[in-house]
Amino acid sequence: MLEQQLINGLTLGLIYALIAVGYTMVYGVIQLINFAHGEIYMLGAFFCVTFITAAGMPFYVAILMAIICCMLCGILLDIIAYRPLRKAPRLAALITAIGMSIFLQNVALIIWGSRSRPFPQGALPPFFREKALVMGDISLTWLQLFIFAVAIIMMLGLYLTINKTRIGTAMRALAQNKTAASLMGINVNYVISFTFALGSAMGAVAGILVSVYYNTLYPTMGYTAGVKAFAAAVLGGIGSVPGAMVGGVVLGVAEALGAGYVSSLYRDGVAYAVMIAVIIFRPSGILGRSVVDKA
Amino acid sequence: MTPLLEIDGISKRFGGLLALTDVSFNVIEGEILGLIGPNGAGKTTMFNCIAGVYKPTSGNLVFTRDEKSLRINGRKPEKMTELGIARTFQNIRLFSALTVLDNVRIARHCRTTSNFFRSVLRTRFQRAEEKEIVDASMRWLDFVGLGHHALADASSLSYGDQRRLEIARALATEPKLLLLDEPAAGMNPRETRMLVDLIHAILDAGVSVMLIEHDMKLVMKICKRLVVLDHGTLIAEGGPKEVRENPQVIEAYLGRGAAHA
Amino acid sequence: MNIGKSLILLIVAAVLTYPLVPQSSDYIIHVMTLAMVYMILAMGLNIVPGFCGLLDLGYVGFYGIGAYTAGLLTIHYDMSFWVIVPLAALNGALWGALLGAPTLRLTGDYFAIVTFGFSELVVLFLTNEIWLTRGPLGLPGIQPITVNLTWLNEAWYFQFYDKTPNFYVVALLVGLVFFIMRRMEDSRLGRAWYAIREDPLAAASCGVNILNYKVIAFAISAAIGAVGGCFYARWSMFLSPDMFKFWESFLVLCMVVLGGLGNIKGALLGAVILVCLGEVLREVLTSLGLPPETRFMAYGLIMVLIMRFKPSGFFPAIASSGRSNPLLLDLQKRLAARNAPKDEARDAAA
């Protein structure tokens, strides 16, 4: 069953990676752990389902609408909560991020209720649950293939955006030195908003994919997924986008293997343990920069 | 005479950049040594190596205290302070939310020992030590002329007073060597004159001084000996007059060709 | 003594005598006891973000460690509460030091996330190690606090099933923790913490070993959390892993932020306000047909608004340690005497 575990882990890992890039990009430009990113992911799933059930939109249109809504949420989150604190001590921004995360989670709780709900199956293309590939014991559903494809396309798109476009260059400049970037005529707030929008779009897609994959969504789903994705970002090296991708996949596979071979009870524990171990032994992660306090 | 601090072939590399290349010079007990050079010459890097903020890539730092010589490179900043090397910062780094007195009281940390249990039980020893801390702190505040501001917030002081508070804080650690990083920066002429008197008083109190300074008039006036860095290498060493006339120094400051002009 | 201080003393005295009033309501005593449990936690947590400037998101982990230490020692070894408190504190401090020593080198954000991961691991452990903790079923049958004075008088054996004696036990603990905090704050230890919070590099150049002092802060804070857990276990007589989820850490952090990071009185006030607010919201939300957990929305909002508009909370952090310290009062007098002649001279010149 090793191969099957690996495939399940890979599916999960790609989704983690999608969330993790959101953490890492925001951290790159404003050095803030955006704890509320997990909530954007949760909102992505809920928006999508709401558009399908309440507005009767087709699946793909609902996805697109949910992405747009989440991008707006991400931008607003930054403008309302974080922007006023740019010059405040980091502790203040971090506490605000935690506060926003809890706030958004409870708003969702009030709007959609605390019970978990299934993803409306009728809206999904019927072939999703069918097996696309069967090789001996292992099988791969169309849904898993769809997740692979979407995740990889989004990553590629992100890579091209960051490395081949003007705004991507501006983002990288900002990550290096905010003052110098603004002196070079880069509109810092615009680039930060763009970063939030980009990260939120990836997070929203991840939220939708997860809720389809597990056929369930609930307002606190952003909490564990957020931490795990953050663990993935740390594992890959915070601030490094390719690192977040690698970290997500490694973590997903580690978790699937850990659950399969060590103890399924500690499934979530694997992520936390990996994260703590990485932070202690190699805080710069697989592909990141050093983070040990200079002083 | 054994030097107080022997800097022996110090190099410091940041990635591909060599900030200091094989720099050697001595600090002699009881002197005011000026460390000068154009911007980016590596002066503050040198200070940071001596103060333990950076670990030198190669070379040796040998500090002599009570006739014992110790190789000190790579020790942590708090260890350097404990040994007797204190410093101020180029851009003032006070504990600005605390009072003037508290800023200096914190500097007594390495000369005192009360731990958690003594503090909670407030033993006779701890109370005596607390009194000693306040007295010593006041002594140093009076020394730099800030005694009457002791209970004010550090952030309420004027710029020149903040620089002097930083010096008082450094002195309260009871150093043998005091590193001053651009102490006169941003001071008005009156404050600068007071600073000169203060540095002489520090010397009289038995503390050797090494300073980085851009105000050449000040440097030439108070330093008997100067060390000049440029692009991370030592280009001249000697008395103010010698250094001023050294063609390499003139070139470093004014650009190639100026020495012959 | 000024009016404010007398008023505070009066309130404290009134609260402390309330359970003795014959018509006192059990519910109010319960809420006050709960508020005092949170006072202990808030004071303990305050050390890390308030004094050292580091965000600790896993405080509830130590609370849980303390609670389960107390619960298990009571059930299996029938130990006295008064022996368990120091043991649990030690256990908390041990875990604090073990977790802090390798992770406090890192920048604050990483530390925050490590503490979070740690407390989640604690909950997973409590949930899954059924042989030890009975897992999600919880740990029932913890004996209440006892006071055994039979060595003085045969009849003096008390078991605190009632609310009133528990109220006084926790009041005693609050007093003890408050006393320790006040003494630490105005000491070499407290000053070293402020220095780290204000400027780590300058602190190091004053001779403060930053890592050591952060670890000490974290361990003491963990120990205080464990003491809180200890009382909670013997008071509620039942423990379950759900009680120690991230929400609790968040609530305590919110108390500290609201009261004022780095101020002990602020932590006390924050605990009272949020426990009362929690009770009110529970009623209001239930009557609105919303789940009581949604009260956390208010807490989240409070945190965001405080950070935005009043980052120092109700009471700003200590600017000068121990304004009531006799040494400083004496110094103040001396300075006044010294400055006075100068002022006179200036007046004469003018």
# chains A, B, ... in the order shown; residues from 1 in each chain; ligands from 1
$ closest_atom_pairs --of "chain B" --to "chain A" --cutoff "10 Å" --atoms "only C-alpha atoms" --output "Markdown table"
| residue | atom | partner | partner_atom | distance |
| --- | --- | --- | --- | --- |
| B:Val53 | CA | A:Ala295 | CA | 7.3 |
| B:Tyr54 | CA | A:Lys294 | CA | 9.2 |
| B:Lys76 | CA | A:Ala295 | CA | 9.6 |
| B:Pro77 | CA | A:Ala295 | CA | 8.7 |
$ write_last_selection --atoms "all heavy atoms" --output "compact mmCIF listing (two decimals), in the first residue's frame"
# COMPACT_ATOMS: atom_id res chain seq x y z
N VAL B 53 29.47 41.08 18.51
CA VAL B 53 28.26 40.96 17.71
C VAL B 53 28.55 40.08 16.50
O VAL B 53 27.74 39.23 16.13
CB VAL B 53 27.76 42.35 17.25
CG1 VAL B 53 26.53 42.21 16.37
CG2 VAL B 53 27.43 43.20 18.47
N TYR B 54 29.73 40.26 15.89
CA TYR B 54 30.16 39.38 14.81
C TYR B 54 31.30 38.51 15.29
O TYR B 54 32.12 38.95 16.11
CB TYR B 54 30.65 40.18 13.60
CG TYR B 54 29.65 41.09 12.97
CD1 TYR B 54 30.04 42.31 12.42
CD2 TYR B 54 28.31 40.73 12.89
CE1 TYR B 54 29.13 43.16 11.81
CE2 TYR B 54 27.39 41.58 12.29
CZ TYR B 54 27.80 42.78 11.74
OH TYR B 54 26.90 43.60 11.16
N LYS B 76 30.40 35.87 22.92
CA LYS B 76 29.12 36.58 22.82
C LYS B 76 29.23 38.00 23.40
O LYS B 76 30.07 38.23 24.27
CB LYS B 76 28.06 35.80 23.60
CG LYS B 76 27.66 34.51 22.95
CD LYS B 76 26.38 34.73 22.18
CE LYS B 76 26.20 33.82 21.00
NZ LYS B 76 26.16 32.42 21.31
N PRO B 77 28.37 38.93 22.93
CA PRO B 77 28.45 40.31 23.43
C PRO B 77 28.43 40.41 24.96
O PRO B 77 29.18 41.18 25.55
CB PRO B 77 27.19 40.96 22.84
CG PRO B 77 26.85 40.16 21.67
CD PRO B 77 27.35 38.77 21.90
$ interface_residues --of "chain A" --to "chain C" --cutoff "9 Å" --atoms "only C-alpha atoms" --output "PyMOL selection string"
chain A and resi 32-33+81+84-85+90-107+109-110+113-114+227+230-231+234+265-266+268-269+271-273+275-276+279-281+283+291-295
$ write_last_selection --atoms "N, CA and C atoms" --output "compact mmCIF listing (two decimals), in the first residue's frame"
# COMPACT_ATOMS: atom_id res chain seq x y z
N LEU A 32 5.32 39.20 8.07
CA LEU A 32 4.26 38.95 9.04
C LEU A 32 3.69 37.55 8.79
N ILE A 33 3.51 36.79 9.86
CA ILE A 33 2.81 35.53 9.72
C ILE A 33 1.33 35.87 9.69
N ALA A 81 -6.74 45.66 8.55
CA ALA A 81 -6.11 45.22 9.79
C ALA A 81 -4.61 45.47 9.83
N PRO A 84 -2.54 49.67 8.92
CA PRO A 84 -2.31 50.70 9.95
C PRO A 84 -1.16 50.35 10.90
N LEU A 85 -0.75 49.10 10.90
CA LEU A 85 0.27 48.67 11.87
C LEU A 85 1.64 48.46 11.23
N ARG A 90 6.43 44.45 15.83
CA ARG A 90 5.96 43.23 15.19
C ARG A 90 4.97 42.48 16.05
N LEU A 91 5.15 42.56 17.35
CA LEU A 91 4.25 41.87 18.25
C LEU A 91 2.81 42.32 18.01
N ALA A 92 2.62 43.63 17.80
CA ALA A 92 1.28 44.18 17.59
C ALA A 92 0.67 43.60 16.33
N ALA A 93 1.43 43.54 15.25
CA ALA A 93 0.90 43.02 14.00
C ALA A 93 0.56 41.54 14.14
N LEU A 94 1.41 40.83 14.84
CA LEU A 94 1.20 39.39 15.01
C LEU A 94 -0.08 39.14 15.81
N ILE A 95 -0.27 39.92 16.87
CA ILE A 95 -1.47 39.77 17.69
C ILE A 95 -2.71 40.12 16.87
N THR A 96 -2.58 41.15 16.03
CA THR A 96 -3.70 41.51 15.17
C THR A 96 -4.04 40.37 14.22
N ALA A 97 -3.00 39.74 13.69
CA ALA A 97 -3.24 38.63 12.76
C ALA A 97 -4.00 37.51 13.44
N ILE A 98 -3.61 37.18 14.66
CA ILE A 98 -4.32 36.16 15.42
C ILE A 98 -5.77 36.59 15.64
N GLY A 99 -5.93 37.85 16.04
CA GLY A 99 -7.27 38.37 16.30
C GLY A 99 -8.15 38.28 15.06
N MET A 100 -7.61 38.64 13.91
CA MET A 100 -8.38 38.60 12.67
C MET A 100 -8.77 37.16 12.34
N SER A 101 -7.84 36.25 12.57
CA SER A 101 -8.11 34.86 12.26
C SER A 101 -9.30 34.36 13.07
N ILE A 102 -9.28 34.64 14.36
CA ILE A 102 -10.37 34.20 15.24
C ILE A 102 -11.67 34.90 14.84
N PHE A 103 -11.55 36.18 14.54
CA PHE A 103 -12.72 36.96 14.18
C PHE A 103 -13.40 36.37 12.94
N LEU A 104 -12.62 36.17 11.88
CA LEU A 104 -13.18 35.67 10.63
C LEU A 104 -13.79 34.28 10.81
N GLN A 105 -13.10 33.46 11.60
CA GLN A 105 -13.59 32.11 11.83
C GLN A 105 -14.98 32.14 12.46
N ASN A 106 -15.15 33.08 13.41
CA ASN A 106 -16.43 33.14 14.10
C ASN A 106 -17.50 33.81 13.27
N VAL A 107 -17.10 34.72 12.38
CA VAL A 107 -18.07 35.27 11.45
C VAL A 107 -18.64 34.14 10.60
N LEU A 109 -18.75 31.06 11.40
CA LEU A 109 -19.54 30.22 12.30
C LEU A 109 -20.96 30.77 12.41
N ILE A 110 -21.07 32.10 12.49
CA ILE A 110 -22.38 32.71 12.63
C ILE A 110 -23.17 32.60 11.33
N GLY A 113 -23.06 28.40 10.40
CA GLY A 113 -23.31 27.40 11.44
C GLY A 113 -22.08 26.55 11.69
N SER A 114 -22.06 25.90 12.86
CA SER A 114 -20.83 25.22 13.25
C SER A 114 -20.75 23.80 12.69
N VAL A 227 -2.27 25.91 10.04
CA VAL A 227 -1.03 25.63 10.76
C VAL A 227 -0.16 24.64 9.99
N PHE A 230 1.42 26.37 7.24
CA PHE A 230 2.52 27.18 7.76
C PHE A 230 3.73 26.31 8.05
N ALA A 231 3.45 25.12 8.62
CA ALA A 231 4.54 24.19 8.87
C ALA A 231 5.26 23.87 7.56
N VAL A 234 7.43 26.72 6.64
CA VAL A 234 8.64 26.73 7.47
C VAL A 234 9.60 25.64 7.01
N LEU A 265 -3.54 8.13 14.90
CA LEU A 265 -4.03 9.05 15.93
C LEU A 265 -3.22 10.34 15.94
N TYR A 266 -1.95 10.21 15.58
CA TYR A 266 -1.08 11.38 15.63
C TYR A 266 -0.91 12.01 14.25
N ASP A 268 -2.24 14.61 12.82
CA ASP A 268 -1.97 16.05 12.88
C ASP A 268 -0.66 16.32 13.59
N GLY A 269 -0.32 15.44 14.50
CA GLY A 269 0.92 15.62 15.26
C GLY A 269 2.15 15.61 14.38
N ALA A 271 2.62 16.92 11.51
CA ALA A 271 2.91 18.26 11.00
C ALA A 271 3.56 19.12 12.07
N TYR A 272 2.98 19.09 13.27
CA TYR A 272 3.53 19.93 14.33
C TYR A 272 4.94 19.49 14.70
N ALA A 273 5.13 18.17 14.78
CA ALA A 273 6.44 17.67 15.17
C ALA A 273 7.48 18.02 14.13
N MET A 275 7.36 20.49 12.09
CA MET A 275 7.57 21.93 12.15
C MET A 275 8.51 22.30 13.30
N ILE A 276 8.25 21.75 14.48
CA ILE A 276 9.09 22.10 15.62
C ILE A 276 10.52 21.62 15.39
N ILE A 279 12.21 23.88 12.93
CA ILE A 279 12.52 25.18 13.51
C ILE A 279 13.71 25.07 14.46
N ILE A 280 13.78 23.95 15.17
CA ILE A 280 14.88 23.81 16.11
C ILE A 280 16.20 23.51 15.39
N PHE A 281 16.14 22.56 14.44
CA PHE A 281 17.40 22.07 13.89
C PHE A 281 17.83 22.78 12.60
N PRO A 283 16.34 26.08 11.12
CA PRO A 283 15.31 27.10 11.04
C PRO A 283 15.22 27.76 9.66
N VAL A 291 17.25 32.54 10.05
CA VAL A 291 16.34 33.38 10.81
C VAL A 291 16.75 33.53 12.27
N VAL A 292 17.93 33.07 12.62
CA VAL A 292 18.34 33.19 14.01
C VAL A 292 18.49 34.67 14.36
N ASP A 293 17.96 35.01 15.52
CA ASP A 293 18.00 36.39 15.96
C ASP A 293 19.44 36.87 16.03
N LYS A 294 19.69 38.01 15.38
CA LYS A 294 21.06 38.51 15.35
C LYS A 294 21.56 38.87 16.75
N ALA A 295 20.67 39.46 17.52
CA ALA A 295 21.13 39.98 18.81
C ALA A 295 21.39 38.86 19.80
$ residues_around --residues "range 9-18 of chain C" --least-positions-apart "5" --cutoff "10 Å" --atoms "only C-alpha atoms" --output "MDAnalysis selection string"
chainID C and resid 3:4 23:25 28:29 32 164 167:168 171
$ interface_residues --of "chain B" --to "chain C" --cutoff "9 Å" --atoms "only C-alpha atoms" --output "count of residues only"
56
$ residues_around --residues "range 251-254 of chain B" --least-positions-apart "2" --cutoff "12 Å" --atoms "only C-alpha atoms" --output "PyMOL selection string"
chain B and resi 36-41+214+216+228-236+243-249+256-261
$ residues_around --residues "Ala132 in chain A" --least-positions-apart "5" --cutoff "7 Å" --atoms "only C-alpha atoms" --output "PDB file with N, CA, C and O atoms, in the first residue's frame"
ATOM      1  N   LEU A 140      -6.086   5.874  -8.925  1.00  0.00           N
ATOM      2  CA  LEU A 140      -6.028   7.324  -8.936  1.00  0.00           C
ATOM      3  C   LEU A 140      -7.355   7.794  -9.496  1.00  0.00           C
ATOM      4  O   LEU A 140      -7.735   7.410 -10.600  1.00  0.00           O
ATOM      5  N   THR A 141      -8.083   8.629  -8.720  1.00  0.00           N
ATOM      6  CA  THR A 141      -9.362   9.090  -9.258  1.00  0.00           C
ATOM      7  C   THR A 141      -9.131  10.299 -10.151  1.00  0.00           C
ATOM      8  O   THR A 141      -8.092  10.947 -10.096  1.00  0.00           O
ATOM      9  N   TRP A 142     -10.159  10.593 -10.937  1.00  0.00           N
ATOM     10  CA  TRP A 142     -10.106  11.795 -11.776  1.00  0.00           C
ATOM     11  C   TRP A 142      -9.959  13.029 -10.904  1.00  0.00           C
ATOM     12  O   TRP A 142      -9.298  13.998 -11.275  1.00  0.00           O
TER      13      TRP A 142
END
$ select_by_dssp --residues "range 100-317 of chain C" --states "alpha helix (DSSP H)" --output "PyMOL selection string"
chain C and resi 100-103+108-128+130-133+163-185+188-198+200-205+210-236+246-259+264-287+295-309
$ decode --residues "range 22-52 of chain A" --atoms "N, CA, C and O atoms" --output "PDB file, in the first residue's frame"
ATOM      1  N   GLY A  22       0.891  31.124   0.078  1.00  0.00           N
ATOM      2  CA  GLY A  22       0.248  32.344   0.560  1.00  0.00           C
ATOM      3  C   GLY A  22       0.943  32.884   1.800  1.00  0.00           C
ATOM      4  O   GLY A  22       1.199  34.088   1.910  1.00  0.00           O
ATOM      5  N   TYR A  23       1.278  31.994   2.720  1.00  0.00           N
ATOM      6  CA  TYR A  23       1.994  32.428   3.927  1.00  0.00           C
ATOM      7  C   TYR A  23       3.352  33.008   3.570  1.00  0.00           C
ATOM      8  O   TYR A  23       3.764  34.054   4.044  1.00  0.00           O
ATOM      9  N   THR A  24       4.020  32.255   2.710  1.00  0.00           N
ATOM     10  CA  THR A  24       5.402  32.593   2.445  1.00  0.00           C
ATOM     11  C   THR A  24       5.527  33.903   1.673  1.00  0.00           C
ATOM     12  O   THR A  24       6.417  34.703   1.934  1.00  0.00           O
ATOM     13  N   MET A  25       4.584  34.143   0.737  1.00  0.00           N
ATOM     14  CA  MET A  25       4.674  35.388  -0.038  1.00  0.00           C
ATOM     15  C   MET A  25       4.428  36.594   0.845  1.00  0.00           C
ATOM     16  O   MET A  25       5.142  37.587   0.776  1.00  0.00           O
ATOM     17  N   VAL A  26       3.398  36.487   1.690  1.00  0.00           N
ATOM     18  CA  VAL A  26       3.098  37.611   2.576  1.00  0.00           C
ATOM     19  C   VAL A  26       4.269  37.836   3.540  1.00  0.00           C
ATOM     20  O   VAL A  26       4.693  38.964   3.780  1.00  0.00           O
ATOM     21  N   TYR A  27       4.804  36.722   4.048  1.00  0.00           N
ATOM     22  CA  TYR A  27       5.947  36.872   4.951  1.00  0.00           C
ATOM     23  C   TYR A  27       7.104  37.539   4.223  1.00  0.00           C
ATOM     24  O   TYR A  27       7.801  38.380   4.761  1.00  0.00           O
ATOM     25  N   GLY A  28       7.281  37.149   2.971  1.00  0.00           N
ATOM     26  CA  GLY A  28       8.358  37.737   2.183  1.00  0.00           C
ATOM     27  C   GLY A  28       8.248  39.246   2.067  1.00  0.00           C
ATOM     28  O   GLY A  28       9.235  39.948   2.242  1.00  0.00           O
ATOM     29  N   VAL A  29       7.045  39.763   1.810  1.00  0.00           N
ATOM     30  CA  VAL A  29       6.946  41.205   1.592  1.00  0.00           C
ATOM     31  C   VAL A  29       6.739  42.018   2.858  1.00  0.00           C
ATOM     32  O   VAL A  29       7.222  43.147   2.930  1.00  0.00           O
ATOM     33  N   ILE A  30       6.003  41.498   3.854  1.00  0.00           N
ATOM     34  CA  ILE A  30       5.840  42.338   5.052  1.00  0.00           C
ATOM     35  C   ILE A  30       6.301  41.665   6.339  1.00  0.00           C
ATOM     36  O   ILE A  30       6.022  42.152   7.434  1.00  0.00           O
ATOM     37  N   GLN A  31       7.011  40.550   6.253  1.00  0.00           N
ATOM     38  CA  GLN A  31       7.540  39.866   7.431  1.00  0.00           C
ATOM     39  C   GLN A  31       6.474  39.668   8.512  1.00  0.00           C
ATOM     40  O   GLN A  31       6.686  39.937   9.690  1.00  0.00           O
ATOM     41  N   LEU A  32       5.318  39.202   8.074  1.00  0.00           N
ATOM     42  CA  LEU A  32       4.255  38.953   9.044  1.00  0.00           C
ATOM     43  C   LEU A  32       3.690  37.555   8.792  1.00  0.00           C
ATOM     44  O   LEU A  32       3.454  37.184   7.644  1.00  0.00           O
ATOM     45  N   ILE A  33       3.512  36.794   9.863  1.00  0.00           N
ATOM     46  CA  ILE A  33       2.806  35.526   9.721  1.00  0.00           C
ATOM     47  C   ILE A  33       1.325  35.867   9.689  1.00  0.00           C
ATOM     48  O   ILE A  33       0.753  36.286  10.683  1.00  0.00           O
ATOM     49  N   ASN A  34       0.740  35.727   8.522  1.00  0.00           N
ATOM     50  CA  ASN A  34      -0.658  36.097   8.362  1.00  0.00           C
ATOM     51  C   ASN A  34      -1.532  34.940   8.829  1.00  0.00           C
ATOM     52  O   ASN A  34      -1.988  34.123   8.041  1.00  0.00           O
ATOM     53  N   PHE A  35      -1.776  34.891  10.140  1.00  0.00           N
ATOM     54  CA  PHE A  35      -2.532  33.772  10.695  1.00  0.00           C
ATOM     55  C   PHE A  35      -3.907  33.653  10.054  1.00  0.00           C
ATOM     56  O   PHE A  35      -4.495  32.581  10.034  1.00  0.00           O
ATOM     57  N   ALA A  36      -4.449  34.763   9.574  1.00  0.00           N
ATOM     58  CA  ALA A  36      -5.793  34.730   9.014  1.00  0.00           C
ATOM     59  C   ALA A  36      -5.824  34.081   7.633  1.00  0.00           C
ATOM     60  O   ALA A  36      -6.893  33.933   7.045  1.00  0.00           O
ATOM     61  N   HIS A  37      -4.688  33.682   7.113  1.00  0.00           N
ATOM     62  CA  HIS A  37      -4.665  33.058   5.789  1.00  0.00           C
ATOM     63  C   HIS A  37      -5.471  31.756   5.781  1.00  0.00           C
ATOM     64  O   HIS A  37      -6.146  31.450   4.797  1.00  0.00           O
ATOM     65  N   GLY A  38      -5.402  31.017   6.879  1.00  0.00           N
ATOM     66  CA  GLY A  38      -6.194  29.778   6.979  1.00  0.00           C
ATOM     67  C   GLY A  38      -7.683  30.068   6.847  1.00  0.00           C
ATOM     68  O   GLY A  38      -8.451  29.256   6.337  1.00  0.00           O
ATOM     69  N   GLU A  39      -8.099  31.232   7.308  1.00  0.00           N
ATOM     70  CA  GLU A  39      -9.515  31.593   7.237  1.00  0.00           C
ATOM     71  C   GLU A  39      -9.905  31.939   5.805  1.00  0.00           C
ATOM     72  O   GLU A  39     -11.033  31.684   5.383  1.00  0.00           O
ATOM     73  N   ILE A  40      -8.986  32.523   5.057  1.00  0.00           N
ATOM     74  CA  ILE A  40      -9.261  32.805   3.647  1.00  0.00           C
ATOM     75  C   ILE A  40      -9.509  31.490   2.907  1.00  0.00           C
ATOM     76  O   ILE A  40     -10.411  31.370   2.075  1.00  0.00           O
ATOM     77  N   TYR A  41      -8.712  30.501   3.255  1.00  0.00           N
ATOM     78  CA  TYR A  41      -8.845  29.170   2.663  1.00  0.00           C
ATOM     79  C   TYR A  41     -10.220  28.597   2.978  1.00  0.00           C
ATOM     80  O   TYR A  41     -10.927  28.084   2.101  1.00  0.00           O
ATOM     81  N   MET A  42     -10.624  28.741   4.245  1.00  0.00           N
ATOM     82  CA  MET A  42     -11.938  28.260   4.655  1.00  0.00           C
ATOM     83  C   MET A  42     -13.032  29.034   3.905  1.00  0.00           C
ATOM     84  O   MET A  42     -13.994  28.449   3.392  1.00  0.00           O
ATOM     85  N   LEU A  43     -12.860  30.345   3.819  1.00  0.00           N
ATOM     86  CA  LEU A  43     -13.869  31.160   3.130  1.00  0.00           C
ATOM     87  C   LEU A  43     -13.985  30.746   1.665  1.00  0.00           C
ATOM     88  O   LEU A  43     -15.079  30.751   1.098  1.00  0.00           O
ATOM     89  N   GLY A  44     -12.863  30.387   1.053  1.00  0.00           N
ATOM     90  CA  GLY A  44     -12.883  29.939  -0.335  1.00  0.00           C
ATOM     91  C   GLY A  44     -13.871  28.800  -0.514  1.00  0.00           C
ATOM     92  O   GLY A  44     -14.736  28.833  -1.409  1.00  0.00           O
ATOM     93  N   ALA A  45     -13.757  27.804   0.376  1.00  0.00           N
ATOM     94  CA  ALA A  45     -14.651  26.654   0.276  1.00  0.00           C
ATOM     95  C   ALA A  45     -16.104  27.077   0.475  1.00  0.00           C
ATOM     96  O   ALA A  45     -16.998  26.681  -0.284  1.00  0.00           O
ATOM     97  N   PHE A  46     -16.350  27.907   1.483  1.00  0.00           N
ATOM     98  CA  PHE A  46     -17.733  28.293   1.775  1.00  0.00           C
ATOM     99  C   PHE A  46     -18.333  29.171   0.685  1.00  0.00           C
ATOM    100  O   PHE A  46     -19.496  29.011   0.327  1.00  0.00           O
ATOM    101  N   PHE A  47     -17.539  30.093   0.166  1.00  0.00           N
ATOM    102  CA  PHE A  47     -18.046  30.931  -0.932  1.00  0.00           C
ATOM    103  C   PHE A  47     -18.460  30.046  -2.093  1.00  0.00           C
ATOM    104  O   PHE A  47     -19.530  30.193  -2.668  1.00  0.00           O
ATOM    105  N   CYS A  48     -17.598  29.106  -2.430  1.00  0.00           N
ATOM    106  CA  CYS A  48     -17.855  28.246  -3.578  1.00  0.00           C
ATOM    107  C   CYS A  48     -19.167  27.489  -3.388  1.00  0.00           C
ATOM    108  O   CYS A  48     -20.036  27.492  -4.265  1.00  0.00           O
ATOM    109  N   VAL A  49     -19.310  26.877  -2.209  1.00  0.00           N
ATOM    110  CA  VAL A  49     -20.527  26.101  -1.962  1.00  0.00           C
ATOM    111  C   VAL A  49     -21.754  27.007  -1.975  1.00  0.00           C
ATOM    112  O   VAL A  49     -22.807  26.661  -2.515  1.00  0.00           O
ATOM    113  N   THR A  50     -21.596  28.197  -1.375  1.00  0.00           N
ATOM    114  CA  THR A  50     -22.723  29.114  -1.330  1.00  0.00           C
ATOM    115  C   THR A  50     -23.129  29.539  -2.746  1.00  0.00           C
ATOM    116  O   THR A  50     -24.320  29.608  -3.062  1.00  0.00           O
ATOM    117  N   PHE A  51     -22.157  29.790  -3.589  1.00  0.00           N
ATOM    118  CA  PHE A  51     -22.484  30.186  -4.964  1.00  0.00           C
ATOM    119  C   PHE A  51     -23.196  29.056  -5.697  1.00  0.00           C
ATOM    120  O   PHE A  51     -24.076  29.297  -6.512  1.00  0.00           O
ATOM    121  N   ILE A  52     -22.812  27.821  -5.371  1.00  0.00           N
ATOM    122  CA  ILE A  52     -23.467  26.689  -6.040  1.00  0.00           C
ATOM    123  C   ILE A  52     -24.882  26.498  -5.519  1.00  0.00           C
ATOM    124  O   ILE A  52     -25.840  26.412  -6.296  1.00  0.00           O
TER     125      ILE A  52
END
